[in-house]
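Colleague: Following this message is one structure expressed as structure tokens.
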Amino acid sequence: MSEPRKVPSSEEVFFAWLADHGWTAALSPPGILAKQIYKKLSGTPRLIANKSTLGLIEHMNGGSVNRDGTPMRGNRIGGEREIPVGTVKNMLKGSNKSSFRYDDFIERGVFKLGWKTKCPNCQRSTWFALPTLRESMECPKCLTSFAAAGNIEQTSNGWHYRTAGPFSVPNYADGAFAVLLTLDFLGDQMFTLLRTTSVPSFVATSPGKPNLEADLAMFWKDSAYGEKTEGLLFGECKTYGLFEAKDFERMQYLADSFPGAVLVFSTLRESLTKKEIVALTRLAKAGRKYWRPERPINPVLILTGNELLTAAHPPFCWDKSLHERFSRIHDLLSLSDATQQIYLNLPSWSEDWHKNREKRRVRREERSTAPRQKDKR
């Protein structure tokens with residue numbers, strides 16, 4: 001006799017595990033937003049994996065962006081902007097050189113349609129959402145009613161889009177876009193045999209302890225060349241902002257609380273600042289301590305726009321020299337090792353471990369051959 005059972009969500013599984021360790025966890029507002037966006041995108045965040053596409057959405061949400069979609073210095077969020085349908089269509093066609101089509105954005109509700117026209121009374125332009133179009137319209141600025149006939153058709157190219165629902169939140173959806181692109185990258189499309197159970201941004205509390213916070217977390221299980229590895233992962237994600245001292249402190253706390261956890265630092269920028277490199281190097285070196293066979297205690301994985309904003313996966317998303325140098329990336333841990341070498345200019349883990357073993361061997365030999373001092377009595 002069969003018995004139907006509800007399969008728990010990844011969020012329920014992960015938070016139950018934290019509860020077993022004494023933590024009470026819940027999604028943060030950005031985590032809730034990320035979950036909504038993921039649902040609207042039908043589980044395909046790669047749809048927005050493009051600087052120009054992200055910039056278009058941010059511009060429509062009132063942000064100031066450069067031509068490449070990155071935010072302008074000193075960016076301040078203004079009011080929503082509506083863009084002509086033809087302009088949006090052309091920009092999406094030009095920015096997404098992949099299998100995604102303009103219709104994919106429309107079908108997933110990224111934009112909502114409306115008509116932009118000028119009030120005959122106050123002469124100010126207003127955007128009216130499609131469901132609000134009536135024979136008699138009311139201007140929201142001067143509160144005067146006017147007939148749609150004779151006024152709407154006076155505006156050439158009147159059909160305009162605005163962003164819709166969770167896509168209408170500025171600051172790149174409060175960072176949710178970067179979180180989703182990172183989670184998508186770490187999914188099974190990266191490594192065929194990688195399996196994950198993930199959650200977006202959350203906060204966990206426990207009596208007498210500082211809060212646990214992460215932009216993403218997951219259980220992961222990997223299999224390469226017949227060897228299986230598994231573990232825990234926490235992530236700190238930035239869209240185009242910089243990693244700050246508080247971010248490194250938060251991740252260090254997670255490392256101290258969960259030995260063996262992978263620490264991911266993710267940004268849509270394509271390079272790191274000198275200050276970030278210094279801080280990341282310090283954390284990465286501390287996490288290289290030999291923990292289990294061929295595995296450091298807290299591996300640091302660094303992801304940038306070079307990996308997140310492209311359809312190609314490592315090593316194919318890197319230039320030819322790096323592609324050849326790291327052609328044998330086959331799992332999450334080897335990717336972590338590679339990114340530390342690329343972005344922090346560190347030697348490989350095996351080189352570090354070999355060097356440390358040699359130092360210990362030399363010290364042992366020196367102690368064994370050193371003349372013993374006679375007892376003085």
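Every chain in the structure tokens has a letter given in the order shown (A, B, ...), and although residue numbers restart at 1 in each chain, ligands are simply numbered from 1 in the order shown.
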Within 7 Å of segment 187-199 of chain A, counting only C-alpha atoms, which residues qualify if same-chain residues fewer than 6 places away don't, as an mmCIF file with all heavy atoms, in the first residue's frame?

Modeller:
```cif
data_model
loop_
_atom_site.group_PDB
_atom_site.id
_atom_site.type_symbol
_atom_site.label_atom_id
_atom_site.label_comp_id
_atom_site.auth_asym_id
_atom_site.auth_seq_id
_atom_site.Cartn_x
_atom_site.Cartn_y
_atom_site.Cartn_z
ATOM 1 N N SER A 10 14.579 22.311 0.280
ATOM 2 C CA SER A 10 15.975 22.462 0.692
ATOM 3 C C SER A 10 16.083 23.402 1.890
ATOM 4 O O SER A 10 16.918 23.201 2.776
ATOM 5 C CB SER A 10 16.807 22.989 -0.478
ATOM 6 O OG SER A 10 16.298 24.221 -0.955
ATOM 7 N N GLU A 11 15.235 24.419 1.915
ATOM 8 C CA GLU A 11 15.209 25.361 3.038
ATOM 9 C C GLU A 11 14.856 24.638 4.336
ATOM 10 O O GLU A 11 15.500 24.843 5.375
ATOM 11 C CB GLU A 11 14.194 26.464 2.739
ATOM 12 C CG GLU A 11 14.032 27.505 3.816
ATOM 13 C CD GLU A 11 12.930 28.482 3.474
ATOM 14 O OE1 GLU A 11 12.751 28.798 2.276
ATOM 15 O OE2 GLU A 11 12.229 28.935 4.390
ATOM 16 N N LEU A 216 24.275 32.973 1.233
ATOM 17 C CA LEU A 216 23.810 31.678 0.728
ATOM 18 C C LEU A 216 24.507 30.590 1.523
ATOM 19 O O LEU A 216 25.553 30.804 2.137
ATOM 20 C CB LEU A 216 24.081 31.520 -0.768
ATOM 21 C CG LEU A 216 25.537 31.607 -1.255
ATOM 22 C CD1 LEU A 216 26.206 30.229 -1.232
ATOM 23 C CD2 LEU A 216 25.596 32.178 -2.658
ATOM 24 N N ALA A 217 23.903 29.424 1.501
ATOM 25 C CA ALA A 217 24.503 28.267 2.164
ATOM 26 C C ALA A 217 24.004 27.017 1.461
ATOM 27 O O ALA A 217 22.949 27.022 0.823
ATOM 28 C CB ALA A 217 24.149 28.236 3.649
ATOM 29 N N MET A 218 24.764 25.944 1.602
ATOM 30 C CA MET A 218 24.327 24.688 0.975
ATOM 31 C C MET A 218 25.092 23.500 1.524
ATOM 32 O O MET A 218 26.217 23.625 2.016
ATOM 33 C CB MET A 218 24.509 24.734 -0.540
ATOM 34 C CG MET A 218 25.953 24.823 -1.001
ATOM 35 S SD MET A 218 26.143 24.614 -2.807
ATOM 36 C CE MET A 218 25.194 25.981 -3.430
ATOM 37 N N PHE A 219 24.441 22.340 1.466
ATOM 38 C CA PHE A 219 25.135 21.071 1.563
ATOM 39 C C PHE A 219 25.534 20.691 0.136
ATOM 40 O O PHE A 219 24.789 20.941 -0.809
ATOM 41 C CB PHE A 219 24.223 19.980 2.125
ATOM 42 C CG PHE A 219 23.745 20.232 3.527
ATOM 43 C CD1 PHE A 219 22.383 20.276 3.807
ATOM 44 C CD2 PHE A 219 24.638 20.406 4.562
ATOM 45 C CE1 PHE A 219 21.930 20.493 5.100
ATOM 46 C CE2 PHE A 219 24.195 20.620 5.855
ATOM 47 C CZ PHE A 219 22.843 20.681 6.122
ATOM 48 N N TRP A 220 26.685 20.086 -0.010
ATOM 49 C CA TRP A 220 27.086 19.662 -1.347
ATOM 50 C C TRP A 220 27.702 18.261 -1.287
ATOM 51 O O TRP A 220 28.281 17.858 -0.288
ATOM 52 C CB TRP A 220 28.064 20.644 -1.981
ATOM 53 C CG TRP A 220 29.339 20.851 -1.188
ATOM 54 C CD1 TRP A 220 29.552 21.756 -0.194
ATOM 55 C CD2 TRP A 220 30.561 20.108 -1.336
ATOM 56 N NE1 TRP A 220 30.833 21.634 0.303
ATOM 57 C CE2 TRP A 220 31.474 20.646 -0.374
ATOM 58 C CE3 TRP A 220 30.971 19.074 -2.153
ATOM 59 C CZ2 TRP A 220 32.772 20.160 -0.237
ATOM 60 C CZ3 TRP A 220 32.275 18.581 -2.022
ATOM 61 C CH2 TRP A 220 33.166 19.138 -1.078
ATOM 62 N N LYS A 221 27.538 17.550 -2.372
ATOM 63 C CA LYS A 221 28.116 16.217 -2.514
ATOM 64 C C LYS A 221 28.665 16.098 -3.921
ATOM 65 O O LYS A 221 27.975 16.408 -4.903
ATOM 66 C CB LYS A 221 27.071 15.133 -2.258
ATOM 67 C CG LYS A 221 27.613 13.711 -2.357
ATOM 68 C CD LYS A 221 26.520 12.683 -2.107
ATOM 69 C CE LYS A 221 26.080 12.696 -0.657
ATOM 70 N NZ LYS A 221 25.101 11.610 -0.374
ATOM 71 N N ASP A 222 29.910 15.704 -4.010
ATOM 72 C CA ASP A 222 30.598 15.681 -5.296
ATOM 73 C C ASP A 222 31.185 14.297 -5.536
ATOM 74 O O ASP A 222 31.470 13.546 -4.589
ATOM 75 C CB ASP A 222 31.735 16.717 -5.293
ATOM 76 C CG ASP A 222 31.914 17.357 -6.649
ATOM 77 O OD1 ASP A 222 31.448 16.776 -7.645
ATOM 78 O OD2 ASP A 222 32.506 18.452 -6.716
ATOM 79 N N SER A 223 31.364 13.968 -6.791
ATOM 80 C CA SER A 223 31.972 12.693 -7.144
ATOM 81 C C SER A 223 32.850 12.892 -8.367
ATOM 82 O O SER A 223 32.390 13.393 -9.399
ATOM 83 C CB SER A 223 30.893 11.646 -7.439
ATOM 84 O OG SER A 223 31.473 10.423 -7.820
ATOM 85 N N HIS A 313 31.723 27.539 -18.554
ATOM 86 C CA HIS A 313 32.159 27.204 -17.198
ATOM 87 C C HIS A 313 33.677 27.088 -17.147
ATOM 88 O O HIS A 313 34.328 26.855 -18.165
ATOM 89 C CB HIS A 313 31.524 25.882 -16.748
ATOM 90 C CG HIS A 313 30.038 25.966 -16.578
ATOM 91 N ND1 HIS A 313 29.446 26.853 -15.706
ATOM 92 C CD2 HIS A 313 29.019 25.285 -17.164
ATOM 93 C CE1 HIS A 313 28.132 26.711 -15.760
ATOM 94 N NE2 HIS A 313 27.850 25.770 -16.647
ATOM 95 N N ASP A 331 36.081 19.246 -9.754
ATOM 96 C CA ASP A 331 35.128 19.291 -8.649
ATOM 97 C C ASP A 331 35.225 20.625 -7.929
ATOM 98 O O ASP A 331 36.025 21.493 -8.290
ATOM 99 C CB ASP A 331 35.345 18.126 -7.686
ATOM 100 C CG ASP A 331 36.742 18.132 -7.059
ATOM 101 O OD1 ASP A 331 37.469 19.126 -7.225
ATOM 102 O OD2 ASP A 331 37.099 17.133 -6.408
#
```

Colleague: Determine which residues of segment 188-315 of chain A DSSP labels as strand (DSSP E or B) from the backbone of this structure, then write them out as a PDB file with C-alpha atoms, in the first residue's frame.

Modeller:
```
ATOM      1  CA  ARG A 195      24.536  17.714  -5.992  1.00  0.00           C
ATOM      2  CA  THR A 196      23.470  20.559  -3.718  1.00  0.00           C
ATOM      3  CA  THR A 197      20.830  21.450  -1.142  1.00  0.00           C
ATOM      4  CA  SER A 198      20.889  25.238  -0.941  1.00  0.00           C
ATOM      5  CA  VAL A 199      19.226  28.245   0.687  1.00  0.00           C
ATOM      6  CA  PRO A 200      19.555  31.969  -0.094  1.00  0.00           C
ATOM      7  CA  SER A 201      20.286  34.745   2.432  1.00  0.00           C
ATOM      8  CA  PHE A 202      19.384  33.856   6.010  1.00  0.00           C
ATOM      9  CA  VAL A 203      20.001  34.779   9.641  1.00  0.00           C
ATOM     10  CA  ALA A 204      20.291  32.222  12.464  1.00  0.00           C
ATOM     11  CA  THR A 205      20.189  32.945  16.185  1.00  0.00           C
ATOM     12  CA  LEU A 212      25.023  33.521  11.974  1.00  0.00           C
ATOM     13  CA  GLU A 213      24.528  35.350   8.684  1.00  0.00           C
ATOM     14  CA  ALA A 214      25.248  34.306   5.118  1.00  0.00           C
ATOM     15  CA  ASP A 215      24.117  35.342   1.649  1.00  0.00           C
ATOM     16  CA  LEU A 216      23.810  31.678   0.728  1.00  0.00           C
ATOM     17  CA  ALA A 217      24.503  28.267   2.164  1.00  0.00           C
ATOM     18  CA  MET A 218      24.327  24.688   0.975  1.00  0.00           C
ATOM     19  CA  PHE A 219      25.135  21.071   1.563  1.00  0.00           C
ATOM     20  CA  TRP A 220      27.086  19.662  -1.347  1.00  0.00           C
ATOM     21  CA  LYS A 221      28.116  16.217  -2.514  1.00  0.00           C
ATOM     22  CA  ASP A 222      30.598  15.681  -5.296  1.00  0.00           C
ATOM     23  CA  SER A 223      31.972  12.693  -7.144  1.00  0.00           C
ATOM     24  CA  ALA A 224      35.051  12.694  -9.347  1.00  0.00           C
ATOM     25  CA  GLU A 227      35.953   9.436  -5.165  1.00  0.00           C
ATOM     26  CA  LYS A 228      33.103  11.057  -3.266  1.00  0.00           C
ATOM     27  CA  THR A 229      33.413  14.232  -1.221  1.00  0.00           C
ATOM     28  CA  GLU A 230      30.778  16.194   0.598  1.00  0.00           C
ATOM     29  CA  GLY A 231      30.432  19.101   2.943  1.00  0.00           C
ATOM     30  CA  LEU A 232      29.023  22.462   3.842  1.00  0.00           C
ATOM     31  CA  LEU A 233      29.340  25.808   2.048  1.00  0.00           C
ATOM     32  CA  PHE A 234      28.639  29.435   2.989  1.00  0.00           C
ATOM     33  CA  GLY A 235      28.750  32.430   0.663  1.00  0.00           C
ATOM     34  CA  GLU A 236      29.227  36.199   0.829  1.00  0.00           C
ATOM     35  CA  CYS A 237      27.930  37.866  -2.349  1.00  0.00           C
ATOM     36  CA  LYS A 238      28.389  41.350  -3.770  1.00  0.00           C
ATOM     37  CA  VAL A 262      33.845  26.008   2.009  1.00  0.00           C
ATOM     38  CA  LEU A 263      33.809  29.831   2.101  1.00  0.00           C
ATOM     39  CA  VAL A 264      32.651  31.469  -1.138  1.00  0.00           C
ATOM     40  CA  PHE A 265      33.319  35.123  -1.947  1.00  0.00           C
ATOM     41  CA  SER A 266      31.307  36.104  -5.002  1.00  0.00           C
ATOM     42  CA  THR A 267      31.140  39.384  -6.935  1.00  0.00           C
ATOM     43  CA  TYR A 290      45.506  20.352   6.400  1.00  0.00           C
ATOM     44  CA  TRP A 291      42.262  18.891   7.757  1.00  0.00           C
ATOM     45  CA  ARG A 292      41.415  15.607   6.083  1.00  0.00           C
ATOM     46  CA  ARG A 295      41.464  18.635   1.981  1.00  0.00           C
ATOM     47  CA  PRO A 296      41.980  21.962   3.834  1.00  0.00           C
ATOM     48  CA  VAL A 300      38.093  29.686   0.088  1.00  0.00           C
ATOM     49  CA  LEU A 301      36.422  29.846  -3.335  1.00  0.00           C
ATOM     50  CA  ILE A 302      36.486  33.149  -5.245  1.00  0.00           C
ATOM     51  CA  LEU A 303      33.998  33.854  -8.037  1.00  0.00           C
TER      52      LEU A 303
END
```

Colleague: List the spatial neighbours of segment 268-270 of chain A as a count of residues only - criterion: any atom at most 8 Å away, only C-alpha atoms, same-chain residues fewer than 4 positions off excluded.

Modeller: 9

Colleague: Can you tell me, as a PyMOL selection string, what residues are no more than 12 Å from Glu249 of chain A when counting only C-alpha atoms, ignoring any on the same chain fewer than 4 positions away?

Modeller: chain A and resi 210+212-214+236+243-245+253-256+279-280+282-283

Colleague: Export N, CA and C atoms of the chosen residues as a JSON list (two decimals), in the first residue's frame?

Modeller:
```json
[["chain", "number", "residue", "atom", "x", "y", "z"],
["A", 210, "PRO", "N", 26.75, 35.17, 18.93],
["A", 210, "PRO", "CA", 26.48, 36.12, 17.83],
["A", 210, "PRO", "C", 25.67, 35.45, 16.74],
["A", 212, "LEU", "N", 24.43, 34.04, 13.20],
["A", 212, "LEU", "CA", 25.02, 33.52, 11.97],
["A", 212, "LEU", "C", 24.33, 34.19, 10.79],
["A", 213, "GLU", "N", 25.10, 34.73, 9.87],
["A", 213, "GLU", "CA", 24.53, 35.35, 8.68],
["A", 213, "GLU", "C", 25.31, 34.93, 7.45],
["A", 214, "ALA", "N", 24.60, 34.64, 6.38],
["A", 214, "ALA", "CA", 25.25, 34.31, 5.12],
["A", 214, "ALA", "C", 24.32, 34.67, 3.97],
["A", 236, "GLU", "N", 29.39, 34.75, 0.68],
["A", 236, "GLU", "CA", 29.23, 36.20, 0.83],
["A", 236, "GLU", "C", 29.22, 36.77, -0.59],
["A", 243, "PHE", "N", 33.99, 44.06, -0.86],
["A", 243, "PHE", "CA", 34.00, 43.29, 0.37],
["A", 243, "PHE", "C", 34.64, 44.14, 1.46],
["A", 244, "GLU", "N", 33.98, 44.20, 2.62],
["A", 244, "GLU", "CA", 34.45, 45.04, 3.71],
["A", 244, "GLU", "C", 34.87, 44.19, 4.90],
["A", 245, "ALA", "N", 35.44, 44.86, 5.91],
["A", 245, "ALA", "CA", 35.95, 44.15, 7.09],
["A", 245, "ALA", "C", 34.87, 43.31, 7.74],
["A", 253, "TYR", "N", 33.86, 33.91, 11.31],
["A", 253, "TYR", "CA", 33.02, 33.34, 12.37],
["A", 253, "TYR", "C", 32.37, 32.04, 11.89],
["A", 254, "LEU", "N", 31.92, 32.02, 10.64],
["A", 254, "LEU", "CA", 31.34, 30.80, 10.08],
["A", 254, "LEU", "C", 32.40, 29.70, 9.97],
["A", 255, "ALA", "N", 33.62, 30.09, 9.60],
["A", 255, "ALA", "CA", 34.71, 29.11, 9.51],
["A", 255, "ALA", "C", 35.03, 28.52, 10.88],
["A", 256, "ASP", "N", 35.07, 29.37, 11.90],
["A", 256, "ASP", "CA", 35.35, 28.89, 13.26],
["A", 256, "ASP", "C", 34.22, 28.00, 13.77],
["A", 279, "ALA", "N", 42.99, 40.88, 2.37],
["A", 279, "ALA", "CA", 42.08, 40.27, 3.35],
["A", 279, "ALA", "C", 41.73, 38.84, 2.96],
["A", 280, "LEU", "N", 41.47, 38.62, 1.68],
["A", 280, "LEU", "CA", 41.13, 37.27, 1.22],
["A", 280, "LEU", "C", 42.32, 36.32, 1.35],
["A", 282, "ARG", "N", 44.68, 36.47, 3.59],
["A", 282, "ARG", "CA", 44.82, 36.12, 5.00],
["A", 282, "ARG", "C", 43.83, 35.01, 5.38],
["A", 283, "LEU", "N", 42.59, 35.13, 4.92],
["A", 283, "LEU", "CA", 41.56, 34.14, 5.23],
["A", 283, "LEU", "C", 41.86, 32.81, 4.52]]
```

Colleague: Fewer than 3 positions away in the same chain doesn't count, so skip those; otherwise give me all residues within 12 Å of Ala173 of chain A, counting only C-alpha atoms, as a PyMOL selection string.

Modeller: chain A and resi 29-38+48+54-55+57-63+163-170+176-180+238-239

Colleague: For segment 152-242 of chain A versus segment 82-88 of chain A, which residues have an atom no more than 12 Å away, and what is each residue's nearest atom pair and distance in Å rounded to one decimal, using only C-alpha atoms, chain-then-number order, as a tab-separated table?

Modeller:
```
residue	atom	partner	partner_atom	distance
A:Thr155	CA	A:Pro84	CA	11.8
A:Ser156	CA	A:Pro84	CA	10.3
A:Asn157	CA	A:Pro84	CA	6.9
A:Gly158	CA	A:Pro84	CA	7.2
A:Trp159	CA	A:Val85	CA	6.0
A:His160	CA	A:Pro84	CA	4.2
A:Tyr161	CA	A:Ile83	CA	5.3
A:Arg162	CA	A:Glu82	CA	4.9
A:Thr163	CA	A:Glu82	CA	8.1
A:Ala164	CA	A:Glu82	CA	11.1
A:Ser168	CA	A:Glu82	CA	11.4
```

Colleague: Would you mind reading off the distance between atom CA of Ala149 of chain A and atom CA of Asn121 of chain A, one decimal, in Å?

Modeller: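 Going from atom CA of Ala149 of chain A over to atom CA of Asn121 of chain A covers 14.8 Å.
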
Colleague: Using only C-alpha atoms, can you tell me which of A:Ser64, A:Lys39, A:Phe128, A:Pro120 comes closest to Arg108 of chain A?

Modeller: A:Lys39

Colleague: Write out as a VMD selection string the set of residues from segment 276-337 of chain A that DSSP, computed on the backbone, places in helix (DSSP H, G or I).

Modeller: chain A and resid 276 to 286 305 to 308 320 to 325 332 to 337

Colleague: Could you name the residues that touch segment 133-145 of chain A at 12 Å or less, counting only C-alpha atoms, but leaving out those on the same chain fewer than 3 positions away, as number ranges by chain?

Modeller: A: 113-130, 148-152, 159

Colleague: Counting only C-alpha atoms, which of A:Thr132, A:Ser321, A:Ser327, A:Thr44 gets nearest to Leu183 of chain A?

Modeller: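 Of A:Thr132, A:Ser321, A:Ser327, A:Thr44, the one nearest Leu183 of chain A is A:Thr44, counting only C-alpha atoms.
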
Colleague: Record the distance separating atom CA of Lys93 of chain A and atom CA of Asn66 of chain A, expressed in Å with one decimal.

Modeller: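 Interatomic distance here is 18.6 Å.
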
Colleague: Just the number, please: distance in Å from atom CA of Leu272 of chain A to atom CA of Leu346 of chain A, one decimal.

Modeller: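 Pair atom CA of Leu272 of chain A / atom CA of Leu346 of chain A returns 14.6 Å.
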
Colleague: Would you please work out which residue, of A:Ile77, A:Leu27, A:Leu47, A:Val362, is nearest to Asn171 of chain A when using only C-alpha atoms?

Modeller: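 Selected residue with least distance to Asn171 of chain A: A:Ile77.
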
Colleague: Out of A:Lys89, A:Arg76, A:Arg67, A:His21, which residue has the shortest atom-to-atom distance to Ser52 of chain A when counting only C-alpha atoms?

Modeller: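 Once distances to Ser52 of chain A are computed over only C-alpha atoms, the minimum belongs to A:Arg67.
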